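Student: Contents are mmCIF, C-alpha atoms; file name target-v9.cif:
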```cif
data_target
#
loop_
_atom_site.group_PDB
_atom_site.id
_atom_site.type_symbol
_atom_site.label_atom_id
_atom_site.label_comp_id
_atom_site.auth_asym_id
_atom_site.auth_seq_id
_atom_site.Cartn_x
_atom_site.Cartn_y
_atom_site.Cartn_z
ATOM 1 C CA MET A 11 24.898 4.352 -70.937
ATOM 2 C CA ALA A 12 22.163 5.358 -68.493
ATOM 3 C CA ALA A 13 19.384 3.403 -66.843
ATOM 4 C CA ILE A 14 15.940 4.178 -68.250
ATOM 5 C CA PRO A 15 14.624 7.156 -66.277
ATOM 6 C CA GLU A 16 11.275 8.502 -65.185
ATOM 7 C CA GLY A 17 7.808 7.195 -65.525
ATOM 8 C CA GLY A 18 5.524 4.401 -64.466
ATOM 9 C CA PRO A 19 6.293 1.421 -62.261
ATOM 10 C CA PRO A 20 9.938 0.452 -61.692
ATOM 11 C CA VAL A 21 11.821 -1.323 -64.440
ATOM 12 C CA ALA A 22 14.722 -3.724 -64.145
ATOM 13 C CA ASP A 23 18.032 -2.145 -63.137
ATOM 14 C CA GLU A 24 19.833 -3.862 -65.990
ATOM 15 C CA MET A 25 17.828 -2.093 -68.715
ATOM 16 C CA LYS A 26 20.099 0.360 -70.501
ATOM 17 C CA SER A 27 19.398 3.130 -72.997
ATOM 18 C CA HIS A 28 21.663 3.578 -76.042
ATOM 19 C CA ASP A 29 21.944 5.718 -79.165
ATOM 20 C CA VAL A 30 23.609 4.601 -82.367
ATOM 21 C CA GLU A 31 24.111 6.446 -85.658
ATOM 22 C CA ILE A 32 23.078 4.698 -88.867
ATOM 23 C CA GLU A 33 23.856 6.606 -92.081
ATOM 24 C CA GLY A 34 23.349 9.946 -90.391
ATOM 25 C CA LEU A 35 20.249 8.885 -88.451
ATOM 26 C CA ARG A 36 20.330 8.641 -84.673
ATOM 27 C CA LEU A 37 18.493 5.543 -83.511
ATOM 28 C CA HIS A 38 17.573 4.967 -79.893
ATOM 29 C CA TYR A 39 17.196 1.527 -78.353
ATOM 30 C CA VAL A 40 16.892 -0.148 -74.966
ATOM 31 C CA GLU A 41 18.782 -3.321 -74.111
ATOM 32 C CA ALA A 42 18.774 -5.856 -71.284
ATOM 33 C CA GLY A 43 20.153 -9.329 -70.615
ATOM 34 C CA GLU A 44 22.748 -11.534 -72.255
ATOM 35 C CA GLY A 45 22.769 -14.439 -74.672
ATOM 36 C CA GLU A 46 21.110 -14.953 -78.034
ATOM 37 C CA PRO A 47 19.480 -11.700 -79.212
ATOM 38 C CA VAL A 48 15.770 -10.959 -79.522
ATOM 39 C CA LEU A 49 14.653 -7.767 -81.279
ATOM 40 C CA LEU A 50 11.362 -6.130 -80.251
ATOM 41 C CA LEU A 51 9.591 -3.883 -82.776
ATOM 42 C CA HIS A 52 6.810 -1.552 -81.671
ATOM 43 C CA GLY A 53 4.059 -0.045 -83.788
ATOM 44 C CA TRP A 54 2.106 3.203 -84.220
ATOM 45 C CA PRO A 55 2.313 5.582 -82.305
ATOM 46 C CA THR A 56 4.448 3.919 -79.632
ATOM 47 C CA SER A 57 8.140 3.208 -79.079
ATOM 48 C CA SER A 58 10.480 0.946 -77.126
ATOM 49 C CA TYR A 59 8.726 2.282 -74.009
ATOM 50 C CA LEU A 60 5.816 -0.062 -74.783
ATOM 51 C CA TRP A 61 8.054 -3.057 -73.991
ATOM 52 C CA ARG A 62 9.382 -1.747 -70.650
ATOM 53 C CA HIS A 63 7.593 -4.328 -68.469
ATOM 54 C CA VAL A 64 7.866 -7.184 -70.967
ATOM 55 C CA MET A 65 11.645 -7.016 -71.277
ATOM 56 C CA PRO A 66 12.797 -7.936 -67.735
ATOM 57 C CA PRO A 67 11.434 -11.518 -67.703
ATOM 58 C CA MET A 68 12.707 -12.068 -71.249
ATOM 59 C CA ALA A 69 16.134 -10.736 -70.272
ATOM 60 C CA ARG A 70 16.620 -13.560 -67.776
ATOM 61 C CA HIS A 71 17.160 -15.844 -70.763
ATOM 62 C CA ARG A 72 18.161 -13.683 -73.749
ATOM 63 C CA ARG A 73 19.734 -10.437 -74.872
ATOM 64 C CA VAL A 74 16.628 -8.323 -75.479
ATOM 65 C CA ILE A 75 16.734 -5.193 -77.655
ATOM 66 C CA ALA A 76 13.799 -2.806 -78.134
ATOM 67 C CA LEU A 77 14.360 -0.352 -80.977
ATOM 68 C CA ASP A 78 12.697 3.013 -81.527
ATOM 69 C CA LEU A 79 12.005 2.828 -85.250
ATOM 70 C CA PRO A 80 12.892 5.935 -87.286
ATOM 71 C CA GLY A 81 10.066 8.428 -86.922
ATOM 72 C CA PHE A 82 9.172 7.233 -83.429
ATOM 73 C CA GLY A 83 10.244 7.598 -79.823
ATOM 74 C CA LYS A 84 13.697 9.091 -79.299
ATOM 75 C CA SER A 85 14.989 8.150 -82.756
ATOM 76 C CA ASP A 86 15.392 10.765 -85.483
ATOM 77 C CA LYS A 87 12.357 11.762 -87.517
ATOM 78 C CA PRO A 88 13.481 12.952 -90.961
ATOM 79 C CA LEU A 89 10.540 14.152 -93.024
ATOM 80 C CA GLU A 90 12.401 13.430 -96.280
ATOM 81 C CA ALA A 91 12.691 9.688 -95.527
ATOM 82 C CA SER A 92 10.338 7.400 -97.464
ATOM 83 C CA TYR A 93 9.256 5.197 -94.517
ATOM 84 C CA SER A 94 8.771 2.452 -97.087
ATOM 85 C CA PHE A 95 9.338 -1.266 -96.633
ATOM 86 C CA ARG A 96 12.762 -0.937 -98.285
ATOM 87 C CA PHE A 97 13.679 1.989 -96.023
ATOM 88 C CA PHE A 98 12.887 0.048 -92.850
ATOM 89 C CA GLU A 99 14.573 -3.078 -94.226
ATOM 90 C CA LYS A 100 17.821 -1.161 -94.741
ATOM 91 C CA ILE A 101 17.544 0.407 -91.299
ATOM 92 C CA MET A 102 17.124 -3.042 -89.727
ATOM 93 C CA ASN A 103 20.051 -4.501 -91.652
ATOM 94 C CA ASP A 104 22.359 -1.609 -90.789
ATOM 95 C CA PHE A 105 21.234 -1.542 -87.146
ATOM 96 C CA LEU A 106 21.853 -5.268 -86.701
ATOM 97 C CA ALA A 107 25.222 -4.991 -88.430
ATOM 98 C CA GLU A 108 26.207 -2.169 -86.092
ATOM 99 C CA LEU A 109 25.328 -4.364 -83.103
ATOM 100 C CA GLY A 110 27.123 -7.376 -84.586
ATOM 101 C CA ILE A 111 23.948 -9.481 -84.806
ATOM 102 C CA ASP A 112 23.421 -12.059 -87.554
ATOM 103 C CA ARG A 113 20.670 -14.439 -86.392
ATOM 104 C CA LEU A 114 18.019 -13.407 -83.920
ATOM 105 C CA GLY A 115 14.582 -13.870 -82.455
ATOM 106 C CA LEU A 116 11.959 -11.300 -83.406
ATOM 107 C CA ALA A 117 8.830 -10.063 -81.615
ATOM 108 C CA VAL A 118 6.556 -7.585 -83.399
ATOM 109 C CA HIS A 119 3.471 -5.511 -82.615
ATOM 110 C CA ASP A 120 1.171 -3.364 -84.756
ATOM 111 C CA LEU A 121 3.133 -1.555 -87.524
ATOM 112 C CA GLY A 122 6.250 -3.397 -86.389
ATOM 113 C CA GLY A 123 4.643 -6.561 -87.753
ATOM 114 C CA PRO A 124 4.777 -5.799 -91.470
ATOM 115 C CA ILE A 125 8.114 -4.020 -91.049
ATOM 116 C CA GLY A 126 9.669 -7.007 -89.287
ATOM 117 C CA LEU A 127 8.034 -9.654 -91.475
ATOM 118 C CA TYR A 128 9.121 -7.937 -94.690
ATOM 119 C CA TRP A 129 12.702 -8.074 -93.419
ATOM 120 C CA ALA A 130 12.295 -11.706 -92.299
ATOM 121 C CA VAL A 131 10.809 -13.188 -95.479
ATOM 122 C CA ARG A 132 13.640 -11.673 -97.526
ATOM 123 C CA GLN A 133 16.296 -13.369 -95.401
ATOM 124 C CA PRO A 134 14.553 -16.170 -93.487
ATOM 125 C CA GLN A 135 17.839 -17.886 -92.611
ATOM 126 C CA ARG A 136 18.527 -15.102 -90.107
ATOM 127 C CA LEU A 137 15.335 -15.676 -88.114
ATOM 128 C CA GLN A 138 15.608 -18.074 -85.170
ATOM 129 C CA SER A 139 12.106 -17.590 -83.753
ATOM 130 C CA LEU A 140 9.153 -15.279 -84.266
ATOM 131 C CA ALA A 141 6.492 -13.876 -81.927
ATOM 132 C CA LEU A 142 3.492 -11.996 -83.290
ATOM 133 C CA LEU A 143 1.407 -9.761 -81.048
ATOM 134 C CA ASN A 144 -1.596 -7.728 -82.221
ATOM 135 C CA THR A 145 -0.457 -6.865 -85.727
ATOM 136 C CA LEU A 146 -1.307 -6.984 -89.430
ATOM 137 C CA LEU A 147 0.630 -8.595 -92.267
ATOM 138 C CA TYR A 148 -1.699 -9.559 -95.126
ATOM 139 C CA PRO A 149 -2.665 -7.390 -98.144
ATOM 140 C CA GLU A 150 -6.367 -7.504 -97.280
ATOM 141 C CA LEU A 151 -6.558 -4.702 -94.732
ATOM 142 C CA SER A 152 -9.521 -4.291 -92.412
ATOM 143 C CA TRP A 153 -11.894 -1.354 -92.828
ATOM 144 C CA ALA A 154 -10.293 0.207 -89.736
ATOM 145 C CA ALA A 155 -6.774 -0.035 -91.176
ATOM 146 C CA LYS A 156 -7.899 1.380 -94.526
ATOM 147 C CA ALA A 157 -9.656 4.304 -92.824
ATOM 148 C CA PHE A 158 -6.530 5.032 -90.783
ATOM 149 C CA VAL A 159 -4.244 5.067 -93.826
ATOM 150 C CA MET A 160 -6.635 7.349 -95.717
ATOM 151 C CA ALA A 161 -6.891 9.740 -92.763
ATOM 152 C CA MET A 162 -3.096 9.985 -92.510
ATOM 153 C CA LYS A 163 -2.963 11.231 -96.115
ATOM 154 C CA VAL A 164 -5.598 13.985 -95.828
ATOM 155 C CA PRO A 165 -4.087 17.207 -94.391
ATOM 156 C CA GLY A 166 -6.885 18.162 -91.983
ATOM 157 C CA LEU A 167 -7.515 14.630 -90.776
ATOM 158 C CA ARG A 168 -3.772 14.012 -90.574
ATOM 159 C CA SER A 169 -3.291 16.985 -88.252
ATOM 160 C CA LEU A 170 -6.177 15.917 -86.054
ATOM 161 C CA GLY A 171 -5.200 12.244 -86.037
ATOM 162 C CA THR A 172 -1.652 12.931 -84.844
ATOM 163 C CA SER A 173 -2.523 15.591 -82.264
ATOM 164 C CA PRO A 174 -1.870 14.996 -78.547
ATOM 165 C CA TRP A 175 -5.630 14.623 -78.073
ATOM 166 C CA ALA A 176 -5.814 11.921 -80.755
ATOM 167 C CA LEU A 177 -2.792 10.044 -79.428
ATOM 168 C CA GLU A 178 -4.440 9.837 -76.010
ATOM 169 C CA LYS A 179 -7.655 8.604 -77.634
ATOM 170 C CA THR A 180 -5.688 5.998 -79.576
ATOM 171 C CA MET A 181 -4.087 4.647 -76.422
ATOM 172 C CA ARG A 182 -7.400 4.587 -74.574
ATOM 173 C CA LEU A 183 -9.099 2.876 -77.502
ATOM 174 C CA GLY A 184 -6.308 0.323 -77.542
ATOM 175 C CA VAL A 185 -6.575 -0.976 -73.980
ATOM 176 C CA ALA A 186 -9.204 -2.995 -72.168
ATOM 177 C CA GLN A 187 -8.000 -1.957 -68.691
ATOM 178 C CA GLN A 188 -8.407 1.833 -68.571
ATOM 179 C CA LYS A 189 -7.271 2.188 -64.959
ATOM 180 C CA GLY A 190 -3.764 1.039 -65.868
ATOM 181 C CA LEU A 191 -3.322 3.697 -68.531
ATOM 182 C CA THR A 192 -1.882 6.492 -66.384
ATOM 183 C CA ALA A 193 -1.268 10.113 -67.301
ATOM 184 C CA GLU A 194 2.474 9.349 -67.282
ATOM 185 C CA ILE A 195 2.077 6.596 -69.891
ATOM 186 C CA ILE A 196 0.014 8.843 -72.155
ATOM 187 C CA ALA A 197 2.548 11.666 -71.755
ATOM 188 C CA ARG A 198 5.379 9.331 -72.785
ATOM 189 C CA VAL A 199 3.483 8.457 -75.979
ATOM 190 C CA GLN A 200 2.709 12.104 -76.758
ATOM 191 C CA GLU A 201 6.139 13.552 -75.950
ATOM 192 C CA PRO A 202 8.022 12.610 -79.173
ATOM 193 C CA PHE A 203 5.331 14.349 -81.253
ATOM 194 C CA ARG A 204 5.021 17.732 -79.578
ATOM 195 C CA ASP A 205 5.932 19.714 -82.721
ATOM 196 C CA GLY A 206 4.241 19.816 -86.094
ATOM 197 C CA ALA A 207 7.189 18.397 -88.033
ATOM 198 C CA ALA A 208 7.310 15.282 -85.858
ATOM 199 C CA ARG A 209 3.557 14.804 -86.233
ATOM 200 C CA ARG A 210 3.858 15.027 -90.025
ATOM 201 C CA VAL A 211 6.480 12.288 -89.865
ATOM 202 C CA LEU A 212 4.215 10.210 -87.630
ATOM 203 C CA ALA A 213 1.461 10.419 -90.242
ATOM 204 C CA LYS A 214 3.855 9.531 -93.060
ATOM 205 C CA ALA A 215 5.346 6.594 -91.163
ATOM 206 C CA GLY A 216 1.871 5.227 -90.542
ATOM 207 C CA SER A 217 0.710 5.384 -94.141
ATOM 208 C CA ALA A 218 3.711 4.876 -96.461
ATOM 209 C CA LEU A 219 3.983 1.073 -96.543
ATOM 210 C CA SER A 220 3.017 -0.093 -100.028
ATOM 211 C CA PRO A 221 0.394 -2.754 -100.806
ATOM 212 C CA LYS A 222 3.047 -4.646 -102.784
ATOM 213 C CA GLY A 223 5.120 -5.074 -99.658
ATOM 214 C CA PHE A 224 2.217 -6.830 -97.965
ATOM 215 C CA VAL A 225 1.903 -9.116 -101.000
ATOM 216 C CA ASP A 226 5.613 -9.917 -100.693
ATOM 217 C CA ILE A 227 5.085 -10.844 -97.048
ATOM 218 C CA GLU A 228 2.151 -13.118 -97.871
ATOM 219 C CA GLN A 229 4.091 -14.874 -100.623
ATOM 220 C CA GLY A 230 7.216 -15.240 -98.505
ATOM 221 C CA LEU A 231 5.675 -16.606 -95.322
ATOM 222 C CA GLU A 232 6.146 -20.238 -96.345
ATOM 223 C CA ALA A 233 9.914 -19.718 -96.205
ATOM 224 C CA LEU A 234 9.737 -19.198 -92.433
ATOM 225 C CA GLU A 235 10.483 -22.554 -90.845
ATOM 226 C CA CYS A 236 11.324 -21.246 -87.372
ATOM 227 C CA PRO A 237 9.097 -21.629 -84.280
ATOM 228 C CA VAL A 238 6.232 -19.108 -84.249
ATOM 229 C CA ARG A 239 4.324 -17.877 -81.192
ATOM 230 C CA VAL A 240 1.213 -15.709 -81.330
ATOM 231 C CA VAL A 241 0.007 -13.812 -78.261
ATOM 232 C CA TYR A 242 -2.825 -11.372 -78.866
ATOM 233 C CA GLY A 243 -5.547 -9.436 -77.077
ATOM 234 C CA LYS A 244 -9.035 -10.436 -78.180
ATOM 235 C CA ARG A 245 -10.614 -7.058 -77.358
ATOM 236 C CA ASP A 246 -8.744 -5.198 -80.089
ATOM 237 C CA ARG A 247 -10.729 -2.195 -81.335
ATOM 238 C CA ILE A 248 -7.837 -0.892 -83.468
ATOM 239 C CA LEU A 249 -7.302 -4.091 -85.485
ATOM 240 C CA PRO A 250 -10.755 -5.701 -85.155
ATOM 241 C CA ASP A 251 -9.810 -8.561 -87.505
ATOM 242 C CA VAL A 252 -6.844 -9.710 -85.412
ATOM 243 C CA ALA A 253 -8.378 -13.126 -84.616
ATOM 244 C CA GLU A 254 -8.875 -13.847 -88.320
ATOM 245 C CA THR A 255 -5.336 -12.665 -89.077
ATOM 246 C CA MET A 256 -3.795 -14.972 -86.491
ATOM 247 C CA ALA A 257 -5.901 -17.950 -87.596
ATOM 248 C CA ARG A 258 -4.639 -17.347 -91.123
ATOM 249 C CA VAL A 259 -1.051 -17.207 -89.821
ATOM 250 C CA GLN A 260 -1.541 -20.598 -88.185
ATOM 251 C CA LYS A 261 -2.868 -22.009 -91.457
ATOM 252 C CA ASP A 262 0.087 -20.615 -93.421
ATOM 253 C CA LEU A 263 2.626 -21.534 -90.715
ATOM 254 C CA PRO A 264 1.353 -24.741 -89.057
ATOM 255 C CA GLN A 265 4.088 -24.608 -86.418
ATOM 256 C CA THR A 266 2.360 -21.569 -84.890
ATOM 257 C CA GLU A 267 1.118 -21.746 -81.292
ATOM 258 C CA ILE A 268 -1.580 -19.221 -80.342
ATOM 259 C CA THR A 269 -2.614 -17.711 -77.014
ATOM 260 C CA ALA A 270 -5.580 -15.309 -77.076
ATOM 261 C CA LEU A 271 -5.952 -13.122 -73.985
ATOM 262 C CA SER A 272 -9.641 -12.387 -73.437
ATOM 263 C CA ASP A 273 -9.213 -9.345 -71.190
ATOM 264 C CA CYS A 274 -6.691 -7.518 -73.381
ATOM 265 C CA GLY A 275 -6.988 -4.956 -76.129
ATOM 266 C CA HIS A 276 -4.598 -3.880 -78.856
ATOM 267 C CA PHE A 277 -1.883 -2.691 -76.462
ATOM 268 C CA LEU A 278 -1.673 -5.938 -74.529
ATOM 269 C CA GLN A 279 1.737 -4.905 -73.159
ATOM 270 C CA GLU A 280 -0.175 -2.280 -71.142
ATOM 271 C CA ASP A 281 -3.171 -4.452 -70.248
ATOM 272 C CA ARG A 282 -1.298 -7.566 -69.108
ATOM 273 C CA PRO A 283 2.452 -6.852 -69.067
ATOM 274 C CA ASP A 284 3.305 -9.632 -66.616
ATOM 275 C CA GLU A 285 1.428 -12.281 -68.597
ATOM 276 C CA VAL A 286 2.822 -11.136 -71.942
ATOM 277 C CA GLY A 287 6.333 -11.002 -70.508
ATOM 278 C CA ARG A 288 5.999 -14.493 -69.053
ATOM 279 C CA LEU A 289 4.702 -16.000 -72.295
ATOM 280 C CA LEU A 290 7.397 -14.400 -74.422
ATOM 281 C CA ALA A 291 10.106 -15.334 -71.925
ATOM 282 C CA GLU A 292 8.976 -18.953 -72.038
ATOM 283 C CA PHE A 293 8.912 -18.960 -75.822
ATOM 284 C CA PHE A 294 12.253 -17.287 -76.472
ATOM 285 C CA GLY A 295 13.908 -19.002 -73.535
ATOM 286 C CA ALA A 296 12.946 -22.489 -74.688
#
```
I need this file expressed as C-alpha cells, please.

Tutor:
Amino acid sequence: MAAIPEGGPPVADEMKSHDVEIEGLRLHYVEAGEGEPVLLLHGWPTSSYLWRHVMPPMARHRRVIALDLPGFGKSDKPLEASYSFRFFEKIMNDFLAELGIDRLGLAVHDLGGPIGLYWAVRQPQRLQSLALLNTLLYPELSWAAKAFVMAMKVPGLRSLGTSPWALEKTMRLGVAQQKGLTAEIIARVQEPFRDGAARRVLAKAGSALSPKGFVDIEQGLEALECPVRVVYGKRDRILPDVAETMARVQKDLPQTEITALSDCGHFLQEDRPDEVGRLLAEFFGA
C-alpha cells in the first residue's frame, strides 16, 4: 500500500491506494479513515482523483472509499465489457464483497449517480445514507445529455470527444473557478486515456447505460428510506437541468436536504473542495 503520489495540493497522509482483482479485472481504489464505510463514485471522465480533497474531512468520521470504476482512472478498461447497468451492478457487488462490506453510505457524482442508484434501488436495505452531487438519474435526459450520448456513438465525434483536447475542454466547461483548474489536474484526467483503445472504452462507458435502467431507478426510488443529502453546483453547464433534477428528488424522497452552491459548476469538488468536504463530513458523520 502506498500513499497517493504526485499532483496538486497535499492530501491527507492516511489516504492509501489499493488494487483488487474482481473476476479478472483490476480495480483501483483509494481509502482513508475507519468506521462505517462510505463509497464515493465518480463520473465521466474522472476517477477517484476527483475526491482527493473531499475525503480527508470525511475520513475523520468514517471509512471512506473512492473507487475507479471499470473503464476509468487506474482500473482496467476492457473494450469487450458491456458497461451496462447490470455490469456495473455486478462490479459493485463483487467489489463490496471483496472488501467485506454489507451496508454502507454512498456519495455519487455525474455518471456515478445512475450507476450507484441502480445498485441501491435493487437492494435498498444495504444503503445507510445517500449523498447526491451534480448527477442525473431520471429517464428524461436533458438536451445536453442526449447530445453527449449521441456523440459518443458516432465514430468521428467519438474520437474528437474523447481526445485530450476535449477532456480539457470538458473540465474547463465543468468548473466555475478556472484559476483552480491547474495543468496538473487536467493532466491527471487525461492520463488514463492516452491511447486509442482506452478512449474507445471511455466513449462506450459514457453511452452504454440503457433507458430502461433509468426507468428502474425512477420506479425504485420510493424504496429508499435512508437519509438523503443533495449538494450541487448551480452553475452547471454540463447538466444544465441539475436544479430541476434535485427538486424532483426532494419531491420523490421528502427526507432529502438540499444545499445549492451558487459559485460552483459541475465539478464542485474542484470549485469548492473544502465546502463540499465539510458538508459531506457533517452528513455522513451525523

Student: One number please: CA of Lys26 in chain A to CA of Asp205 in chain A, in Å, one decimal.

Tutor: 26.9 Å

Student: Report, in Å with one decimal, the straight-line distance from CA of Ser169 in chain A to CA of Ala155 in chain A.

Tutor: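 Computing it gives 17.6 Å between the two atoms.
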
Student: Evaluate the PyMOL selection byres ((chain A and resi 158-164) around 12) here and jot the selected residues down as a VMD selection string.

Tutor: chain A and resid 54 121 151 to 157 165 to 173 180 209 to 221 248 to 249

Student: Return as a list in words the set of residues that the PyMOL selection byres ((chain A and resi 190) around 12) yields on the displayed structure.

Tutor: Gly18, Pro19, Met181, Arg182, Gly184, Val185, Ala186, Gln187, Gln188, Lys189, Leu191, Thr192, Ala193, Glu194, Ile195, Ile196, Cys274, Phe277, Leu278, Gln279, Glu280, Asp281, Arg282 and Pro283 of chain A

Student: Name the residues captured by the PyMOL selection byres ((chain A and resi 29-44) around 6) when it is applied to the shown file; answer as a ChimeraX atom specification.

Tutor: /A:24-28,45,69,72-78,84-86

Student: So how many Å separate CA of Gln260 in chain A and CA of Lys244 in chain A, to one decimal?

Tutor: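 That distance, rounded to one decimal, is 16.1 Å.
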
Student: Name the closest residue to Ser139 in chain A among the candidates A:Ala117, A:Met68, A:Leu106, A:Leu177; distances are taken between atoms, counting only C-alpha atoms.

Tutor: A:Ala117

Student: Calculated over all atoms listed in the file, which of the candidates A:Ile268, A:Leu89, A:Val64, A:Ala233 has the smallest distance to Arg136 in chain A?

Tutor: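 Counting all atoms listed in the file, the residue closest to Arg136 in chain A is A:Ala233.
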
Student: Using 3 Å of padding on each side, determine the axis-aligned box around all atoms of range 178-181 of chain A present in the file and give its centre and edge lengths in Å to one decimal, as JSON.

Tutor:
```
{"center_x": -5.9, "center_y": 7.2, "center_z": -77.8, "size_x": 9.6, "size_y": 11.2, "size_z": 9.6}
```

Student: Closest to Val241 in chain A among A:Gly206, A:Pro264, A:Gly287, A:Pro80, using all atoms listed in the file?

Tutor: A:Gly287

Student: When you count only C-alpha atoms, which of these residues is closest to Ala141 in chain A: A:Tyr242, A:Phe97, A:Trp175, A:Phe203?

Tutor: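 Closest residue, counting only C-alpha atoms: A:Tyr242.
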
Student: Between A:Arg258, A:Arg96, A:Arg245, A:Arg198, which one has atoms that come closest to Asp273 in chain A, using only C-alpha atoms?

Tutor: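 The answer is A:Arg245, which sits nearest to Asp273 in chain A.
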
Student: Find, counting only C-alpha atoms, the residue in A:Leu147, A:Leu289, A:Ala107, A:Ala197 that gets nearest to Met256 in chain A.

Tutor: A:Leu147
